[in-house]
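Asks: Take a look at model_30.txt, compact mmCIF, C-alpha atoms:
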# COMPACT_ATOMS: atom_id res chain seq x y z
CA VAL A 1 -16.29 22.06 -22.19
CA PHE A 2 -16.40 20.66 -18.67
CA HIS A 3 -19.26 18.32 -17.84
CA ALA A 4 -20.21 17.40 -14.29
CA TRP A 5 -21.20 13.91 -15.44
CA PRO A 6 -19.75 11.64 -18.16
CA THR A 7 -21.24 12.22 -21.58
CA LEU A 8 -22.60 9.51 -23.85
CA GLU A 9 -19.61 9.94 -26.15
CA GLN A 10 -17.17 9.36 -23.29
CA LEU A 11 -19.08 6.28 -22.16
CA ARG A 12 -19.21 5.01 -25.74
CA PHE A 13 -15.43 5.34 -25.94
CA LEU A 14 -15.05 3.27 -22.79
CA PHE A 15 -17.43 0.46 -23.68
CA VAL A 16 -16.93 0.34 -27.46
CA ASP A 17 -13.38 1.49 -28.20
CA THR A 18 -11.84 -0.24 -25.17
CA GLN A 19 -12.48 -3.46 -23.25
CA PHE A 20 -13.79 -1.65 -20.19
CA ALA A 21 -16.56 -4.19 -19.50
CA THR A 22 -13.97 -6.99 -19.53
CA TRP A 23 -11.75 -5.04 -17.14
CA LEU A 24 -14.67 -4.58 -14.75
CA TRP A 25 -15.36 -8.31 -14.82
CA ASN A 26 -11.68 -9.14 -14.28
CA THR A 27 -11.49 -6.76 -11.32
CA ALA A 28 -14.64 -8.19 -9.74
CA TRP A 29 -13.48 -11.78 -10.30
CA VAL A 30 -10.06 -11.17 -8.76
CA GLY A 31 -11.59 -9.11 -5.95
CA VAL A 32 -14.07 -11.80 -4.91
CA LEU A 33 -11.43 -14.55 -4.88
CA VAL A 34 -8.94 -12.41 -2.95
CA VAL A 35 -11.60 -11.42 -0.42
CA LEU A 36 -12.52 -15.07 0.15
CA ILE A 37 -8.86 -16.01 0.65
CA THR A 38 -8.33 -13.02 2.93
CA VAL A 39 -11.29 -13.84 5.17
CA LEU A 40 -10.32 -17.52 5.26
CA PHE A 41 -6.87 -16.68 6.62
CA ALA A 42 -7.31 -13.34 8.41
CA VAL A 43 -10.26 -14.25 10.63
CA PRO A 44 -8.73 -17.34 12.32
CA ALA A 45 -5.29 -15.69 12.39
CA GLY A 46 -6.66 -12.57 14.07
CA TYR A 47 -8.57 -14.68 16.58
CA SER A 48 -5.51 -16.80 17.41
CA LEU A 49 -3.31 -13.74 17.92
CA ALA A 50 -5.94 -12.05 20.07
CA ARG A 51 -6.20 -15.07 22.36
CA LEU A 52 -2.46 -15.70 22.83
CA ILE A 53 -1.47 -15.20 26.45
CA GLY A 54 0.95 -12.40 27.29
CA GLY A 55 2.48 -10.01 24.81
CA VAL A 56 3.36 -12.69 22.25
CA GLY A 57 0.18 -12.16 20.26
CA GLN A 58 0.64 -8.40 20.20
CA GLN A 59 4.24 -8.72 19.01
CA LEU A 60 3.32 -11.22 16.32
CA GLY A 61 0.45 -9.00 15.25
CA ILE A 62 2.77 -6.02 14.89
CA GLY A 63 5.18 -8.17 12.89
CA ILE A 64 2.39 -9.26 10.54
CA PHE A 65 1.16 -5.70 10.10
CA LEU A 66 4.68 -4.53 9.26
CA THR A 67 4.65 -6.85 6.25
CA TYR A 68 1.68 -4.85 4.95
CA LEU A 69 3.83 -1.70 5.08
CA VAL A 70 6.51 -3.13 2.78
CA PRO A 71 6.05 -1.23 -0.53
CA PRO A 72 5.12 -3.18 -3.67
CA THR A 73 8.04 -1.53 -5.50
CA ILE A 74 10.32 -3.78 -3.45
CA LEU A 75 8.28 -6.96 -3.53
CA PHE A 76 7.27 -7.10 -7.20
CA ILE A 77 10.75 -8.34 -8.22
CA PRO A 78 10.75 -11.52 -6.08
CA PHE A 79 7.05 -11.99 -6.82
CA SER A 80 7.85 -11.83 -10.53
CA LYS A 81 10.20 -14.80 -10.13
CA ILE A 82 7.55 -16.77 -8.26
CA VAL A 83 4.91 -15.97 -10.88
CA ALA A 84 7.29 -16.96 -13.69
CA THR A 85 8.21 -20.21 -11.94
CA LEU A 86 4.54 -21.12 -11.59
CA GLY A 87 3.85 -20.18 -15.21
CA LEU A 88 1.26 -17.56 -14.30
CA GLN A 89 2.57 -14.68 -16.43
CA ASN A 90 -0.21 -12.63 -17.99
CA SER A 91 -2.80 -14.54 -15.96
CA LEU A 92 -5.31 -13.19 -13.47
CA TRP A 93 -4.33 -16.05 -11.19
CA SER A 94 -1.03 -14.26 -10.62
CA LEU A 95 -2.97 -11.40 -9.00
CA VAL A 96 -5.05 -13.85 -6.94
CA LEU A 97 -1.76 -15.31 -5.72
CA VAL A 98 -0.03 -12.01 -4.95
CA TYR A 99 -2.77 -9.73 -3.63
CA PRO A 100 -3.32 -11.63 -0.35
CA SER A 101 0.27 -10.68 0.55
CA PHE A 102 -1.06 -7.25 1.54
CA THR A 103 -4.76 -7.89 2.21
CA VAL A 104 -4.21 -10.71 4.72
CA PRO A 105 -1.76 -8.79 7.00
CA PHE A 106 -3.97 -5.70 7.05
CA CYS A 107 -7.18 -7.61 7.75
CA THR A 108 -5.47 -9.86 10.32
CA TRP A 109 -4.41 -6.77 12.26
CA LEU A 110 -7.91 -5.35 11.94
CA MET A 111 -9.60 -8.56 13.13
CA MET A 112 -7.09 -8.99 15.95
CA GLY A 113 -8.13 -5.65 17.45
CA PHE A 114 -11.78 -6.56 17.10
CA PHE A 115 -11.45 -10.01 18.69
CA LYS A 116 -9.65 -8.49 21.66
CA SER A 117 -12.81 -6.56 22.47
CA ILE A 118 -14.86 -9.77 22.73
CA PRO A 119 -14.75 -11.24 26.26
CA ALA A 120 -13.15 -14.67 26.42
CA ASP A 121 -15.84 -15.63 28.96
CA LEU A 122 -18.30 -16.08 26.11
CA GLU A 123 -16.20 -18.82 24.55
CA GLU A 124 -15.52 -20.46 27.90
CA ALA A 125 -19.25 -20.55 28.64
CA ALA A 126 -19.88 -22.14 25.22
CA MET A 127 -17.20 -24.76 25.86
CA LEU A 128 -18.77 -25.54 29.23
CA ASP A 129 -21.97 -26.22 27.32
CA GLY A 130 -20.15 -28.86 25.29
CA TYR A 131 -18.71 -26.98 22.33
CA SER A 132 -15.12 -27.44 21.26
CA ARG A 133 -12.83 -24.43 20.85
CA LEU A 134 -13.59 -24.44 17.11
CA GLY A 135 -17.30 -24.84 17.72
CA ALA A 136 -17.33 -21.93 20.17
CA PHE A 137 -15.44 -19.81 17.68
CA VAL A 138 -17.80 -20.60 14.80
CA ARG A 139 -21.09 -20.46 16.71
CA VAL A 140 -20.40 -17.69 19.23
CA VAL A 141 -17.47 -15.49 18.20
CA VAL A 142 -18.02 -15.28 14.43
CA PRO A 143 -21.66 -14.05 14.65
CA ILE A 144 -20.62 -11.34 17.12
CA SER A 145 -17.72 -10.36 14.85
CA MET A 146 -19.73 -9.81 11.66
CA SER A 147 -19.21 -6.03 11.70
CA GLY A 148 -15.44 -6.52 11.89
CA ILE A 149 -15.49 -9.18 9.17
CA LEU A 150 -17.59 -6.94 6.96
CA THR A 151 -15.11 -4.11 7.49
CA SER A 152 -12.27 -6.41 6.43
CA VAL A 153 -14.19 -7.54 3.33
CA ILE A 154 -14.83 -3.99 2.13
CA PHE A 155 -11.29 -2.82 2.75
CA ALA A 156 -9.76 -5.90 1.12
CA PHE A 157 -11.91 -5.40 -1.98
CA ALA A 158 -11.03 -1.68 -2.09
CA LEU A 159 -7.32 -2.50 -1.89
CA VAL A 160 -7.67 -4.91 -4.82
CA VAL A 161 -9.55 -2.39 -6.99
CA GLN A 162 -7.00 0.38 -6.48
CA GLU A 163 -3.82 -1.72 -6.77
CA PHE A 164 -1.69 -0.80 -9.79
CA ILE A 165 1.96 -1.95 -9.56
CA TYR A 166 1.39 -5.71 -9.42
CA ALA A 167 -1.35 -5.54 -12.05
CA VAL A 168 0.79 -3.62 -14.54
CA THR A 169 3.78 -5.88 -13.85
CA PHE A 170 2.13 -9.29 -14.23
CA ILE A 171 -0.56 -8.54 -16.83
CA SER A 172 0.29 -7.47 -20.38
CA SER A 173 -2.66 -8.40 -22.62
CA ALA A 174 -5.66 -6.07 -22.76
CA ASP A 175 -8.25 -8.79 -22.17
CA SER A 176 -6.65 -9.77 -18.86
CA MET A 177 -6.19 -6.29 -17.40
CA THR A 178 -8.02 -4.88 -14.41
CA VAL A 179 -9.65 -1.46 -14.28
CA SER A 180 -6.74 0.21 -12.50
CA VAL A 181 -4.40 -0.66 -15.40
CA GLY A 182 -6.71 -0.81 -18.41
CA VAL A 183 -8.29 2.63 -18.07
CA PRO A 184 -5.07 4.69 -17.88
CA THR A 185 -3.38 2.47 -20.50
CA PHE A 186 -6.00 2.89 -23.21
CA ALA A 187 -7.44 6.30 -22.28
CA ILE A 188 -4.00 7.90 -22.64
CA ARG A 189 -2.67 7.68 -26.20
CA GLY A 190 0.67 9.36 -26.67
CA ASP A 191 0.25 12.92 -25.46
CA VAL A 192 -3.54 12.81 -25.78
CA TYR A 193 -5.43 12.38 -22.53
CA TYR A 194 -9.09 11.40 -22.78
CA TRP A 195 -9.92 13.06 -19.48
CA GLY A 196 -13.66 12.58 -19.74
CA SER A 197 -13.33 8.84 -20.33
CA LEU A 198 -10.68 8.58 -17.61
CA MET A 199 -12.98 10.21 -15.08
CA ALA A 200 -15.96 8.16 -16.28
CA GLY A 201 -13.99 4.93 -15.80
CA CYS A 202 -12.94 5.97 -12.30
CA ILE A 203 -16.51 6.84 -11.34
CA ILE A 204 -17.98 3.58 -12.65
CA ALA A 205 -15.31 1.49 -10.90
CA SER A 206 -15.75 3.32 -7.60
CA VAL A 207 -19.56 3.24 -7.48
CA PRO A 208 -19.89 -0.35 -6.09
CA ILE A 209 -17.39 0.37 -3.32
CA ALA A 210 -19.08 3.69 -2.52
CA ILE A 211 -22.44 1.91 -2.25
CA LEU A 212 -20.97 -0.70 0.10
CA TYR A 213 -19.42 2.02 2.25
CA ASN A 214 -22.70 3.92 2.52
CA VAL A 215 -24.94 0.90 3.09
CA PHE A 216 -22.73 -0.66 5.78
CA VAL A 217 -21.09 2.47 7.22
CA ASP A 218 -22.67 1.96 10.66
CA ARG A 219 -21.33 -1.59 10.92
CA MET A 220 -17.92 -0.48 9.70
CA VAL A 221 -17.67 2.32 12.25
CA SER A 222 -18.68 -0.05 15.03
CA GLY A 223 -16.07 -2.54 13.82
CA PHE A 224 -13.34 0.10 13.95
CA THR A 225 -14.33 1.70 17.24
CA VAL A 226 -14.93 -1.56 19.11
CA GLY A 227 -11.61 -2.93 17.92
CA ALA A 228 -9.82 0.27 18.89
CA ILE A 229 -11.26 0.53 22.39
CA LYS A 230 -9.34 -2.44 23.74
Please, can you express the file's structure as C-alpha cells?
Replies:
Amino acid sequence: VFHAWPTLEQLRFLFVDTQFATWLWNTAWVGVLVVLITVLFAVPAGYSLARLIGGVGQQLGIGIFLTYLVPPTILFIPFSKIVATLGLQNSLWSLVLVYPSFTVPFCTWLMMGFFKSIPADLEEAAMLDGYSRLGAFVRVVVPISMSGILTSVIFAFALVVQEFIYAVTFISSADSMTVSVGVPTFAIRGDVYYWGSLMAGCIIASVPIAILYNVFVDRMVSGFTVGAIK
C-alpha cells in the first residue's frame, strides 16, 4: 500500500534498526566544517580574482571552476592514496579533507561573479577614509556580499549532503557513515528494498536544506542575479 507520508513502522526501522540518527549527526558535522572551510577560502579567493586587472582574473576563475567539473570517479583514486598516507581511512576527517576540493572551486566562481558587481569605488572610498585593503574588504565589501555568501553556504552544504562516491570510498563502518551512504546501504538488504524507509530517510535529510532554500530564497536569487549581471 502506497502512503503519501512515511509510516511509524518505516520511521521505527530507520531510527531503531539502523543508525540513522548517527548518520544525520555525521552529515551535519561534516557539512558545517566543510562550509566553514569553503567560506574561509572561497570568499577571499573570489574577491581577489574579481579585482585582478585585465583578463587574468577571469582566466584563473575559469581554470578554478574547471576543477569542479572533474568527476569524482577520476579523483577518488589519488585521494585514496592521500587519505591512506595521512591515516584517515574510515574517518570523517577524510571527508572534511576531500569535500572542499569541489565546494571551494564552485563557491569561488560564484563569489567571483558577485564581487564583480560591487563597484571598486566603495573600497577606494573606504581606503581614503583610512582603512587598509583588508579593512575595506571586511567592513565594506563583506556586509554587501552577504546574499552571495549565504548562497555559497547553502550550495556547499547541499553538495556535501548529496555526495556519495567519496563517502562510500573512504568510510566503511556504519557508525561513521553519512546519510547518503548509510540509508541505501542498510535499507537495501539483498534483493529486498525497504522503499518506505528509503523515502523517509531522503525526506528527513532534505528537510533542513529545503527550509534554508525557502527561508532565504530571496537573498539567494539576488545573489545569483546580481553576480550574473556583470
Asks: With all atoms listed in the file as the atoms that count, which of A:Val138, A:Ile154, A:Val160, A:Ala126 lies nearest to Asn214 of chain A?
Replies: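 Result for the nearest residue to Asn214 of chain A: A:Ile154.
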Asks: Using all atoms listed in the file, pick whichever of A:Phe155, A:Phe164, A:Phe170, A:Phe102 has the shortest atom-to-atom distance to Pro184 of chain A.
Replies: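 Looking only at the distances to Pro184 of chain A, the closest residue turns out to be A:Phe164.
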Asks: Work out how far apart atom CA of Gly190 of chain A and atom CA of Thr18 of chain A are and give it in Å to one decimal.
Replies: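 Calculated distance between atom CA of Gly190 of chain A and atom CA of Thr18 of chain A is 15.8 Å.
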Asks: Which neighbours of Leu198 of chain A fall inside 8 Å, counting only C-alpha atoms, when residues of the same chain fewer than 2 positions from it are skipped, and could you give them as a PyMOL selection string?
Replies: chain A and resi 183-184+187+194-196+200-202
Asks: Residues near Glu163 of chain A, anyone? I mean within 8 Å using only C-alpha atoms, not counting same-chain ones fewer than 4 positions away, as a compact mmCIF listing (two decimals) with C-alpha atoms, in the frame of the given file.
Replies:
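Dumped to around-v4.txt:
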# COMPACT_ATOMS: atom_id res chain seq x y z
CA LEU A 159 -7.32 -2.50 -1.89
CA ALA A 167 -1.35 -5.54 -12.05
CA SER A 180 -6.74 0.21 -12.50
Asks: For segment 63-71 of chain A, work out the shell of residues within 6 Å, counting all atoms listed in the file and skipping chain neighbours fewer than 2 positions away, then give it as a VMD selection string.
Replies: chain A and resid 60 to 61 73 to 74 102 105 to 106
Asks: Can you pull out every residue within 8 Å of Ala156 of chain A, counting all atoms listed in the file, but drop anything in the same chain fewer than 6 positions away, and send it as a short mmCIF file (atom, residue, chain, number, x, y, z; two decimals) with C-alpha atoms, in the frame of the given file?
Replies:
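Contents of the output file selection.cif:
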data_model
loop_
_atom_site.label_atom_id
_atom_site.label_comp_id
_atom_site.auth_asym_id
_atom_site.auth_seq_id
_atom_site.Cartn_x
_atom_site.Cartn_y
_atom_site.Cartn_z
CA GLY A 31 -11.59 -9.11 -5.95
CA VAL A 34 -8.94 -12.41 -2.95
CA VAL A 35 -11.60 -11.42 -0.42
CA THR A 38 -8.33 -13.02 2.93
CA THR A 103 -4.76 -7.89 2.21
CA CYS A 107 -7.18 -7.61 7.75
#
Asks: From the list A:Ser117, A:Asn90, A:Ser197, A:Ser101, which residue is nearest Ala42 of chain A when using only C-alpha atoms?
Replies: A:Ser101
Asks: Once 6 Å is added on each side, what centre and edge lengths in Å to one decimal does the axis-aligned box around all listed atoms of segment 13-30 of chain A have, as lines of an AutoDock Vina configuration file?
Replies:
center_x = -13.7
center_y = -3.2
center_z = -18.5
size_x = 19.4
size_y = 29.1
size_z = 31.4
Asks: Could you jot down the atom CA of Pro44 of chain A to atom CA of Leu92 of chain A separation for me, Å, one decimal place?
Replies: 26.3 Å
Asks: Any idea what the distance is between atom CA of Arg133 of chain A and atom CA of Ala45 of chain A?
Replies: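 Distance between the two atoms: 14.3 Å.
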Asks: Pick the closest to Thr108 of chain A from A:Ile165, A:Ala125, A:Leu40, A:Ala205: which is it, counting only C-alpha atoms?
Replies: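 Answer, going by the shortest atom-to-atom distance: A:Leu40.
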Asks: Taking all atoms listed in the file into account, which of A:Thr169, A:Gln162, A:Phe137, A:Leu122 comes nearest Lys81 of chain A?
Replies: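 Of all the options, A:Thr169 lies closest to Lys81 of chain A.
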Asks: Kindly indicate which residue among A:Gly135, A:Gly46, A:Pro72, A:Gly55 lies nearest to Phe114 of chain A, using all atoms listed in the file for the distances.
Replies: A:Gly46
Asks: Excluding same-chain residues fewer than 5 positions from Ser176 of chain A, what lies within 8 Å of it counting all atoms listed in the file, as a PDB file with C-alpha atoms, in the frame of the given file?
Replies:
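Wrote selection.pdb, looks like this:
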ATOM      1  CA  THR A  22     -13.970  -6.990 -19.530  1.00  0.00           C
ATOM      2  CA  TRP A  23     -11.750  -5.040 -17.140  1.00  0.00           C
ATOM      3  CA  ASN A  26     -11.680  -9.140 -14.280  1.00  0.00           C
ATOM      4  CA  ASN A  90      -0.210 -12.630 -17.990  1.00  0.00           C
ATOM      5  CA  SER A  91      -2.800 -14.540 -15.960  1.00  0.00           C
ATOM      6  CA  LEU A  92      -5.310 -13.190 -13.470  1.00  0.00           C
ATOM      7  CA  ILE A 171      -0.560  -8.540 -16.830  1.00  0.00           C
TER       8      ILE A 171
END
